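The file coords.cif contains mmCIF, C-alpha atoms and all ligand atoms:
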data_run
#
loop_
_atom_site.label_atom_id
_atom_site.label_comp_id
_atom_site.auth_asym_id
_atom_site.auth_seq_id
_atom_site.Cartn_x
_atom_site.Cartn_y
_atom_site.Cartn_z
CA MET A 1 -13.77 -9.31 -4.84
CA ALA A 2 -14.75 -7.71 -8.14
CA ARG A 3 -18.49 -7.96 -8.51
CA SER A 4 -21.16 -6.20 -10.46
CA GLY A 5 -24.33 -4.83 -8.94
CA ASN A 6 -26.28 -1.66 -8.40
CA PRO A 7 -24.00 1.06 -9.84
CA GLU A 8 -25.07 3.41 -7.02
CA LYS A 9 -23.69 0.95 -4.51
CA ILE A 10 -20.44 0.15 -6.32
CA ASN A 11 -17.43 1.37 -4.36
CA LYS A 12 -19.42 3.36 -1.84
CA MET A 13 -16.89 3.03 0.92
CA LYS A 14 -17.30 2.85 4.68
CA LYS A 15 -13.55 2.44 5.16
CA TYR A 16 -10.43 1.66 3.17
CA THR A 17 -8.01 -0.47 5.12
CA SER A 18 -7.77 -3.41 2.74
CA ILE A 19 -7.97 -4.36 -0.92
CA SER A 20 -11.04 -6.34 0.16
CA ASP A 21 -12.83 -2.99 0.72
CA ILE A 22 -12.89 -2.51 -3.08
CA THR A 23 -16.10 -3.66 -4.75
CA SER A 24 -15.14 -2.84 -8.35
CA LEU A 25 -11.47 -2.27 -9.06
CA SER A 26 -12.00 -1.34 -12.70
CA SER A 27 -14.55 1.39 -11.94
CA LEU A 28 -12.33 2.73 -9.15
CA ILE A 29 -9.37 2.94 -11.56
CA ASP A 30 -11.52 4.63 -14.22
CA GLU A 31 -12.69 7.20 -11.70
CA ALA A 32 -9.13 7.81 -10.45
CA LEU A 33 -8.04 8.44 -14.04
CA PHE A 34 -10.96 10.85 -14.45
CA LEU A 35 -9.80 12.70 -11.31
CA LYS A 36 -6.26 12.81 -12.71
CA LYS A 37 -7.64 14.80 -15.66
CA ASN A 38 -10.13 16.79 -13.55
CA PRO A 39 -8.61 17.07 -10.07
CA TYR A 40 -10.72 20.05 -8.96
CA ASN A 41 -14.14 18.86 -10.15
CA PHE A 42 -15.38 17.94 -6.67
CA GLN A 43 -14.07 20.85 -4.59
CA SER A 44 -17.42 21.33 -2.86
CA LEU A 45 -17.64 17.68 -1.75
CA GLY A 46 -15.04 18.23 0.96
CA LYS A 47 -16.26 21.65 2.15
CA ASN A 48 -16.24 21.78 5.97
CA LYS A 49 -14.94 18.19 6.06
CA THR A 50 -11.71 17.38 7.87
CA ILE A 51 -9.28 14.51 7.55
CA VAL A 52 -6.92 13.70 10.41
CA MET A 53 -3.78 11.81 9.43
CA LEU A 54 -1.96 9.98 12.24
CA PHE A 55 1.57 8.75 11.66
CA PHE A 56 3.10 6.15 13.91
CA ASN A 57 5.92 5.83 11.32
CA PRO A 58 7.75 7.98 8.74
CA SER A 59 6.21 8.96 5.43
CA LEU A 60 6.97 11.14 2.42
CA ARG A 61 4.70 10.17 -0.52
CA THR A 62 1.77 8.94 1.54
CA ARG A 63 1.64 12.03 3.69
CA LEU A 64 1.95 14.59 0.91
CA SER A 65 -0.16 12.80 -1.73
CA THR A 66 -3.02 12.11 0.68
CA GLN A 67 -2.90 15.73 1.85
CA LYS A 68 -2.92 16.89 -1.79
CA ALA A 69 -5.85 14.56 -2.54
CA ALA A 70 -7.82 15.98 0.39
CA LEU A 71 -7.04 19.58 -0.66
CA ASN A 72 -8.14 18.79 -4.24
CA LEU A 73 -11.52 17.75 -2.77
CA GLY A 74 -11.76 20.95 -0.72
CA MET A 75 -11.12 19.25 2.64
CA GLU A 76 -9.24 20.53 5.67
CA VAL A 77 -6.24 18.47 6.75
CA MET A 78 -4.75 17.91 10.22
CA VAL A 79 -1.58 15.83 10.52
CA MET A 80 -0.08 14.42 13.70
CA ASN A 81 3.07 12.36 14.20
CA ILE A 82 1.44 10.48 17.01
CA SER A 83 4.47 8.43 18.06
CA ASP A 84 6.50 11.57 18.71
CA ASP A 85 3.80 14.01 19.82
CA GLY A 86 0.96 11.97 21.31
CA TRP A 87 0.60 9.96 24.50
CA ALA A 88 1.87 6.38 24.35
CA LEU A 89 -1.21 4.27 23.65
CA GLU A 90 -2.48 1.10 25.31
CA PHE A 91 -4.22 -1.47 23.08
CA GLU A 92 -5.00 -4.35 25.48
CA ASP A 93 -8.40 -4.54 27.10
CA GLY A 94 -8.50 -4.65 30.87
CA THR A 95 -4.84 -3.76 31.43
CA ILE A 96 -3.75 -2.08 34.62
CA MET A 97 -2.11 0.91 32.97
CA LYS A 98 0.80 1.49 35.32
CA ASN A 99 3.54 1.28 32.66
CA THR A 100 4.44 3.59 29.76
CA ALA A 101 1.06 3.90 28.06
CA ALA A 102 -0.86 6.95 29.31
CA GLU A 103 -3.99 6.65 27.18
CA HIS A 104 -6.11 3.78 25.90
CA VAL A 105 -6.91 3.56 22.20
CA LYS A 106 -10.56 3.28 23.26
CA GLU A 107 -10.63 6.93 24.31
CA ALA A 108 -8.05 8.13 21.78
CA ALA A 109 -9.97 6.80 18.77
CA GLN A 110 -13.30 8.21 20.01
CA VAL A 111 -11.73 11.56 20.89
CA ILE A 112 -10.03 11.99 17.50
CA SER A 113 -13.36 11.10 15.86
CA GLN A 114 -14.85 14.26 17.44
CA TYR A 115 -12.50 16.41 15.36
CA CYS A 116 -12.69 14.87 11.90
CA ASP A 117 -14.81 13.19 9.25
CA ILE A 118 -12.14 10.72 8.06
CA LEU A 119 -9.28 9.28 10.10
CA ALA A 120 -6.22 8.02 8.20
CA ILE A 121 -3.52 6.03 9.97
CA ARG A 122 -0.03 4.73 9.25
CA THR A 123 1.20 1.95 11.49
CA PHE A 124 3.97 -0.42 10.38
CA ALA A 125 4.38 -4.05 11.32
CA GLY A 126 6.44 -4.67 14.46
CA LEU A 127 7.86 -7.80 12.73
CA VAL A 128 8.28 -9.53 16.11
CA ASN A 129 4.86 -11.03 16.78
CA LYS A 130 3.26 -12.49 13.64
CA LYS A 131 -0.14 -12.94 15.28
CA GLU A 132 -0.25 -9.37 16.56
CA ASP A 133 0.76 -7.99 13.14
CA TYR A 134 -1.60 -10.21 11.12
CA ASN A 135 -4.46 -9.40 13.55
CA GLU A 136 -3.70 -5.75 12.76
CA LYS A 137 -3.53 -4.81 16.43
CA VAL A 138 -3.36 -1.04 15.90
CA MET A 139 -5.49 -0.60 12.77
CA SER A 140 -8.28 -2.89 13.94
CA ALA A 141 -8.46 -1.07 17.31
CA PHE A 142 -9.02 2.24 15.49
CA VAL A 143 -11.59 0.60 13.18
CA LYS A 144 -13.35 -0.78 16.26
CA TYR A 145 -13.41 2.35 18.41
CA ALA A 146 -13.46 5.30 15.97
CA SER A 147 -16.84 6.64 14.92
CA VAL A 148 -15.57 7.97 11.57
CA PRO A 149 -14.34 6.04 8.49
CA ILE A 150 -10.76 4.78 8.67
CA VAL A 151 -8.24 4.90 5.81
CA SER A 152 -5.01 2.92 5.92
CA LEU A 153 -1.84 4.79 5.08
CA GLU A 154 -0.04 1.39 5.41
CA SER A 155 -0.77 -0.98 8.23
CA ALA A 156 1.07 -4.04 9.54
CA THR A 157 0.02 -6.28 6.66
CA GLU A 158 -1.45 -4.05 3.91
CA HIS A 159 -0.76 -0.88 1.96
CA PRO A 160 -3.98 -0.56 -0.02
CA LEU A 161 -3.47 3.02 -1.28
CA GLN A 162 -0.11 2.01 -2.76
CA ALA A 163 -1.66 -1.07 -4.37
CA LEU A 164 -4.51 0.94 -5.89
CA THR A 165 -1.88 3.34 -7.27
CA ASP A 166 0.01 0.41 -8.75
CA ALA A 167 -3.11 -1.01 -10.41
CA ILE A 168 -3.80 2.44 -11.89
CA THR A 169 -0.21 2.71 -13.15
CA VAL A 170 -0.26 -0.77 -14.73
CA LYS A 171 -3.58 0.05 -16.42
CA GLU A 172 -2.15 3.28 -17.85
CA HIS A 173 1.03 1.67 -19.18
CA GLN A 174 -0.06 -1.78 -20.31
CA LYS A 175 0.34 -2.38 -24.03
CA LYS A 176 -1.50 -5.68 -24.22
CA VAL A 177 -4.69 -7.16 -22.83
CA ARG A 178 -3.13 -9.53 -20.29
CA PRO A 179 0.35 -8.24 -19.45
CA LYS A 180 2.85 -10.37 -17.56
CA VAL A 181 3.49 -8.74 -14.19
CA VAL A 182 6.37 -10.01 -12.06
CA LEU A 183 6.68 -9.19 -8.37
CA SER A 184 10.36 -9.63 -7.61
CA TRP A 185 11.85 -9.72 -4.14
CA ALA A 186 15.16 -7.80 -3.95
CA PRO A 187 17.79 -7.60 -1.22
CA HIS A 188 17.73 -4.99 1.58
CA PRO A 189 19.87 -4.48 4.67
CA LYS A 190 16.87 -4.11 7.02
CA ALA A 191 13.85 -6.25 7.87
CA LEU A 192 10.90 -4.69 6.03
CA PRO A 193 7.18 -5.47 6.31
CA GLN A 194 5.27 -7.68 3.86
CA ALA A 195 2.51 -5.05 3.56
CA VAL A 196 3.38 -3.62 0.14
CA ALA A 197 3.89 -7.06 -1.40
CA ASN A 198 0.69 -8.42 0.19
CA SER A 199 -1.49 -5.62 -1.15
CA PHE A 200 0.20 -5.63 -4.56
CA VAL A 201 -0.50 -9.36 -4.96
CA SER A 202 -4.09 -8.88 -3.74
CA VAL A 203 -4.81 -6.08 -6.20
CA MET A 204 -3.14 -7.87 -9.12
CA LYS A 205 -5.34 -10.91 -8.40
CA LEU A 206 -8.32 -8.62 -9.12
CA SER A 207 -6.69 -7.42 -12.37
CA ASP A 208 -6.50 -9.18 -15.74
CA VAL A 209 -2.75 -9.88 -15.60
CA ASP A 210 -0.46 -12.90 -15.68
CA LEU A 211 1.10 -12.57 -12.21
CA VAL A 212 4.32 -14.31 -11.20
CA ILE A 213 6.10 -13.87 -7.86
CA THR A 214 9.83 -14.51 -7.64
CA HIS A 215 11.84 -14.66 -4.42
CA PRO A 216 14.47 -16.81 -2.71
CA TYR A 217 13.30 -19.90 -0.78
CA GLY A 218 11.95 -18.91 2.62
CA TYR A 219 10.36 -15.64 1.47
CA GLU A 220 6.92 -17.14 0.68
CA LEU A 221 4.14 -14.67 1.54
CA HIS A 222 1.08 -15.54 3.66
CA PRO A 223 -0.39 -18.63 1.91
CA GLU A 224 -3.85 -17.05 1.56
CA ILE A 225 -2.34 -14.12 -0.29
CA SER A 226 -0.20 -16.15 -2.70
CA GLU A 227 -2.94 -18.76 -3.22
CA ASN A 228 -3.37 -19.48 -6.95
CA VAL A 229 -0.39 -17.27 -7.88
CA SER A 230 2.62 -18.87 -9.56
CA ILE A 231 5.90 -18.67 -7.71
CA GLU A 232 9.13 -19.00 -9.69
CA TYR A 233 12.22 -19.34 -7.53
CA ASN A 234 14.52 -18.66 -10.48
CA GLN A 235 14.47 -14.88 -10.91
CA GLU A 236 15.85 -14.93 -14.46
CA LYS A 237 13.21 -17.44 -15.58
CA ALA A 238 10.51 -15.29 -13.98
CA PHE A 239 11.72 -12.22 -15.89
CA ALA A 240 11.33 -13.88 -19.32
CA ASN A 241 8.83 -11.88 -21.38
CA ALA A 242 7.68 -9.79 -18.43
CA ASP A 243 5.88 -6.53 -19.23
CA PHE A 244 6.20 -5.11 -15.71
CA ILE A 245 8.84 -5.77 -13.05
CA TYR A 246 7.51 -4.68 -9.66
CA THR A 247 10.29 -4.81 -7.10
CA LYS A 248 10.02 -4.86 -3.33
CA ASN A 249 11.95 -6.26 -0.44
CA TRP A 250 10.13 -7.97 2.40
CA SER A 251 11.22 -9.96 5.41
CA ALA A 252 10.25 -13.61 5.81
CA TYR A 253 6.67 -14.50 6.73
CA THR A 254 7.28 -18.08 7.90
CA ASN A 255 10.43 -17.34 9.91
CA TYR A 256 8.65 -14.19 10.88
CA GLY A 257 10.35 -10.83 10.36
CA LYS A 258 13.75 -12.36 9.61
CA VAL A 259 16.25 -11.31 6.93
CA LEU A 260 17.30 -14.70 5.50
CA THR A 261 19.63 -13.38 2.80
CA THR A 262 20.99 -10.09 1.46
CA ASP A 263 22.40 -11.80 -1.65
CA SER A 264 23.18 -9.05 -4.20
CA ASP A 265 22.47 -11.60 -6.96
CA TRP A 266 18.80 -10.69 -6.49
CA MET A 267 19.32 -6.94 -7.18
CA ILE A 268 17.46 -5.67 -10.25
CA ASN A 269 19.96 -4.75 -12.96
CA ASN A 270 20.01 -3.99 -16.67
CA LYS A 271 21.20 -7.49 -17.55
CA LYS A 272 18.04 -8.97 -16.01
CA MET A 273 15.80 -6.31 -17.55
CA LEU A 274 17.11 -7.40 -20.98
CA LEU A 275 15.41 -10.78 -20.40
CA THR A 276 12.02 -9.04 -20.28
CA ASN A 277 9.70 -7.70 -22.95
CA SER A 278 11.16 -4.17 -22.46
CA ALA A 279 9.43 -4.27 -19.08
CA LYS A 280 8.47 -1.20 -17.14
CA PHE A 281 10.21 -0.99 -13.76
CA MET A 282 8.06 -0.24 -10.71
CA HIS A 283 8.80 0.35 -7.03
CA CYS A 284 6.71 2.06 -4.33
CA LEU A 285 9.73 4.04 -2.98
CA PRO A 286 11.69 4.79 -0.91
CA VAL A 287 14.31 2.61 -2.58
CA ARG A 288 17.93 1.84 -1.72
CA ARG A 289 19.81 2.51 -4.97
CA ASN A 290 22.35 -0.12 -6.00
CA VAL A 291 21.09 -2.48 -3.28
CA VAL A 292 17.52 -3.10 -4.47
CA VAL A 293 17.95 -1.71 -7.99
CA GLU A 294 20.87 -0.56 -10.08
CA ASP A 295 20.98 3.17 -11.01
CA ALA A 296 20.78 2.28 -14.71
CA VAL A 297 17.35 0.65 -14.24
CA ILE A 298 15.69 3.23 -11.98
CA ASP A 299 17.07 6.05 -14.16
CA SER A 300 16.00 4.39 -17.43
CA LYS A 301 13.08 5.50 -19.60
CA ASN A 302 11.27 2.32 -18.56
CA SER A 303 11.19 3.34 -14.90
CA LEU A 304 7.70 4.32 -13.68
CA VAL A 305 8.61 5.20 -10.11
CA ILE A 306 7.91 8.94 -10.37
CA GLU A 307 4.66 8.30 -12.24
CA GLN A 308 3.66 5.89 -9.45
CA SER A 309 4.27 8.68 -6.93
CA ASN A 310 2.14 11.02 -9.01
CA ASN A 311 -0.68 8.49 -9.08
CA ARG A 312 -0.66 8.24 -5.30
CA THR A 313 -2.66 11.51 -5.25
CA PHE A 314 -5.42 10.16 -7.46
CA ALA A 315 -5.65 6.80 -5.69
CA ALA A 316 -6.09 8.67 -2.41
CA GLN A 317 -8.48 11.16 -4.01
CA VAL A 318 -10.82 8.50 -5.40
CA VAL A 319 -10.90 6.73 -2.04
CA LEU A 320 -11.60 9.94 -0.08
CA LYS A 321 -14.27 10.87 -2.64
CA LYS A 322 -16.01 7.48 -2.26
CA ILE A 323 -15.98 7.80 1.52
CA LEU A 324 -17.29 11.38 1.47
CA GLU A 325 -20.05 10.34 -0.95
CA ASN A 326 -21.02 7.50 1.36
CA GLY A 327 -21.30 9.87 4.33
C1 LIG B 1 8.34 0.68 4.16
C2 LIG B 1 7.93 -0.76 3.83
O1 LIG B 1 6.78 -1.16 4.15
O2 LIG B 1 8.72 -1.48 3.26
C3 LIG B 1 7.42 1.67 3.48
C4 LIG B 1 7.22 1.49 2.01
C5 LIG B 1 6.17 2.38 1.44
N1 LIG B 1 9.69 0.91 3.72
C6 LIG B 1 10.69 1.14 4.55
O3 LIG B 1 10.48 1.16 5.74
C7 LIG B 1 12.07 1.41 3.98
C8 LIG B 1 13.05 1.75 5.05
C9 LIG B 1 14.53 1.74 4.62
O4 LIG B 1 15.32 1.93 5.54
O5 LIG B 1 14.88 1.56 3.45
#
Would you encode the structure as structure tokens?
Ligand code: SN0
Amino acid sequence: MARSGNPEKINKMKKYTSISDITSLSSLIDEALFLKKNPYNFQSLGKNKTIVMLFFNPSLRTRLSTQKAALNLGMEVMVMNISDDGWALEFEDGTIMKNTAAEHVKEAAQVISQYCDILAIRTFAGLVNKKEDYNEKVMSAFVKYASVPIVSLESATEHPLQALTDAITVKEHQKKVRPKVVLSWAPHPKALPQAVANSFVSVMKLSDVDLVITHPYGYELHPEISENVSIEYNQEKAFANADFIYTKNWSAYTNYGKVLTTDSDWMINNKKMLLTNSAKFMHCLPVRRNVVVEDAVIDSKNSLVIEQSNNRTFAAQVVLKKILENG
């Protein structure tokens, strides 16, 4: 929740695993934009500080931009693809560990905490067990057992660094006080998590924007997330006068993890973009060209996708800076 208070306390961060860890979005964005202009101003802040980044899943932008952010702050970086290179982890309490898992997260999280000052983790939704995903089985175990601050590099239900990036990018490119921002579902051959959409909606709810979500029936997000947000099931109606089209595929929340349709009618194309107020096109990437979005749109001058990727560094940098300052 955006709230005012003692400026010293604003955005001092103990962890960043959720949009709800932000105390003042506007001051965080302002500081990220300051870092974008002055990336090396705080090189001594990270001296002799180490970040460990654990990847349970693939990554391109998140891995490199977070590493760049840490280097800009003078930190040391250690990266581990834990699914490939680590022991299989157990997350249940009290299990008799005679199956695949060789190590309990209880030890793993405490052990890794001995080697770093910040622990960043990527762990995607399994999309099989809604309760397990929405309880954030993996991320919450690390938050519970680690003794250092945790940063999410995308968890089962949130991608808060991406969402902060998106709020920064909207702020930089908005031409009016309360722009119309449309989150549009688009087709995809695979079942994808709701994390990016969840965090985007959460961060836009903290921003002064007119937010509309458009998706086919059955793709409603978690009701707490979409609470008080207008949903327009007609994509073309939703696009009318939009200033930003933010596109993302997600699998169903209600019929959990299911792909209900791959209807190419929902792909973002130039014809639909013409219904907008010359809207900027946004996507977190990676994106399936000519499935999610037509070449002509992603290659147009209104596409912000590369600028979004650039801003990933400064979203990560402001978060790492706030955590280092808190420590
Ligand atoms: C992930 C997701 O959460 O949707 C990461 C986005 C930042 N995306 C994918 O897994 C795409 C995979 C694919 O095959 O297109």
Next item on the list: Show which residues sit within 8 Å of Val212 (chain A), as a PyMOL selection string. Count only C-alpha atoms, and ignore same-chain residues fewer than 5 positions away.
Entry: chain A and resi 180-183+229-232+238
Next item on the list: Would you kindly return, as a list in words, each protein, DNA or RNA residue with an atom no farther than 10 Å from any atom of Leu45 (chain A), considering all atoms listed in the file and excluding same-chain residues fewer than 4 positions away?
Entry: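 Once the adjacent positions are removed, what remains is Asn41, Lys49, Asn72, Leu73, Gly74, Met75, Leu320, Lys321, Leu324 and Glu325 of chain A.
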Listing only residues of chain A within 9 Å of ligand LIG 1 (chain B), what is the closest atom pair and its distance in Å (to one decimal) for each, using all atoms listed in the file, sorted by chain and residue number ascending, as CSV?
residue,atom,partner,partner_atom,distance
A:Asn57,CA,B:LIG1,O3,8.6
A:Pro58,CA,B:LIG1,O3,7.9
A:Ser59,CA,B:LIG1,C3,7.6
A:Leu60,CA,B:LIG1,C5,8.9
A:Arg61,CA,B:LIG1,C5,8.2
A:Thr62,CA,B:LIG1,C5,7.9
A:Phe124,CA,B:LIG1,O1,6.9
A:Ala125,CA,B:LIG1,O1,8.1
A:Glu154,CA,B:LIG1,O1,7.4
A:Ser155,CA,B:LIG1,O1,8.6
A:Ala156,CA,B:LIG1,O1,8.4
A:Thr157,CA,B:LIG1,O1,8.8
A:Glu158,CA,B:LIG1,O1,8.7
A:His159,CA,B:LIG1,C5,7.7
A:Gln162,CA,B:LIG1,C5,7.6
A:His188,CA,B:LIG1,O5,7.4
A:Pro189,CA,B:LIG1,O4,7.9
A:Lys190,CA,B:LIG1,O4,6.4
A:Ala191,CA,B:LIG1,O2,8.4
A:Leu192,CA,B:LIG1,O2,4.8
A:Pro193,CA,B:LIG1,O1,4.8
A:Gln194,CA,B:LIG1,O1,6.7
A:Ala195,CA,B:LIG1,O1,5.8
A:Val196,CA,B:LIG1,O1,5.8
A:Ala197,CA,B:LIG1,O1,8.6
A:Lys248,CA,B:LIG1,O2,7.5
A:Asn249,CA,B:LIG1,O2,6.9
A:Trp250,CA,B:LIG1,O2,6.7
A:Cys284,CA,B:LIG1,C5,5.8
A:Leu285,CA,B:LIG1,C5,5.9
A:Pro286,CA,B:LIG1,C7,6.0
A:Val287,CA,B:LIG1,O5,6.1
A:Arg288,CA,B:LIG1,O5,6.0
Next item on the list: Considering only C-alpha atoms, state which residue in the set A:Ala108, A:Phe281, A:Val170, A:Tyr256 is at the smallest distance from Phe239 (chain A).
Entry: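 Counting only C-alpha atoms, the residue closest to Phe239 (chain A) is A:Phe281.
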Item checked: One-decimal distance in Å that lies between CA of Ser152 (chain A) and CA of Gln110 (chain A) ->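 Separating CA of Gln110 (chain A) from CA of Ser152 (chain A) is a distance of 17.2 Å.
Comparing the minimum interatomic distances between Glu294 (chain A) and each of A:Gly94, A:Pro179, A:Pro187, A:Pro149, counting all atoms listed in the file, we find that A:Pro187 sits nearest.
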Notebook entry, point to check: Looking at A:Asn270, A:Ser65, A:Ser83, A:Thr123, which one is nearest to Thr17 (chain A), with distances taken over all atoms listed in the file?
Noted result: A:Thr123
Check: Which of these residues is nearest to Gly327 (chain A), using only C-alpha atoms: A:Ser147, A:Asn290, A:Asn302, A:Ser226?
Finding: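 For Gly327 (chain A), the nearest of the candidates is A:Ser147.
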Note to self: So, with only C-alpha atoms as the atoms that count, which of A:Val259, A:Val201, A:Cys116, A:Val293 lies closest to Lys271 (chain A)?
What the structure shows: A:Val293
Note to self: Quick one: residues within 12 Å of Leu28 (chain A), all atoms listed in the file, excluding same-chain residues fewer than 3 positions away - as a ChimeraX atom specification?
What the structure shows: /A:2,7,10-13,19,21-25,31-35,161,164-165,167-168,171,203,314-322
Item checked: Distance of CA of Leu153 (chain A) from CA of Lys68 (chain A), expressed in Å to one decimal place ->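 Result for CA of Lys68 (chain A) versus CA of Leu153 (chain A): 14.0 Å, one decimal.
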Margin query: Report, in Å with one decimal, the straight-line distance from CA of Pro39 (chain A) to CA of Tyr16 (chain A).
Written below: 20.4 Å
Next item on the list: Skip Gly218 (chain A) itself and residues of its chain fewer than 3 positions away, then list as a list in words all residues within 10 Å of it, counting all atoms listed in the file.
Entry: His215, Leu221, Ser251, Ala252, Tyr253, Thr254, Asn255, Lys258, Val259, Leu260 and Thr261 of chain A
Check: Nearest to Val105 (chain A): which of A:Asp243, A:Asp117, A:Asp208, A:Glu90 is it, counting all atoms listed in the file?
Finding: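 Once distances to Val105 (chain A) are computed over all atoms listed in the file, the minimum belongs to A:Glu90.
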For Ser303 (chain A), please output as a PDB file with C-alpha atoms, keeping the file's coordinate frame all residues within 8 Å (counting all atoms listed in the file; exclusion window: fewer than 4 positions along the same chain).
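Okay, selection.pdb is ready:
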ATOM      1  CA  LYS A 280       8.470  -1.200 -17.140  1.00  0.00           C
ATOM      2  CA  PHE A 281      10.210  -0.990 -13.760  1.00  0.00           C
ATOM      3  CA  MET A 282       8.060  -0.240 -10.710  1.00  0.00           C
ATOM      4  CA  VAL A 297      17.350   0.650 -14.240  1.00  0.00           C
ATOM      5  CA  ILE A 298      15.690   3.230 -11.980  1.00  0.00           C
ATOM      6  CA  ASP A 299      17.070   6.050 -14.160  1.00  0.00           C
TER       7      ASP A 299
END
Provide an axis-aligned box for all listed atoms of region 111-117 of chain A, padding each side by 8 Å; report its centre and its edge lengths in Å to one decimal, as JSON.
{"center_x": -12.4, "center_y": 13.8, "center_z": 15.1, "size_x": 20.8, "size_y": 21.3, "size_z": 27.6}
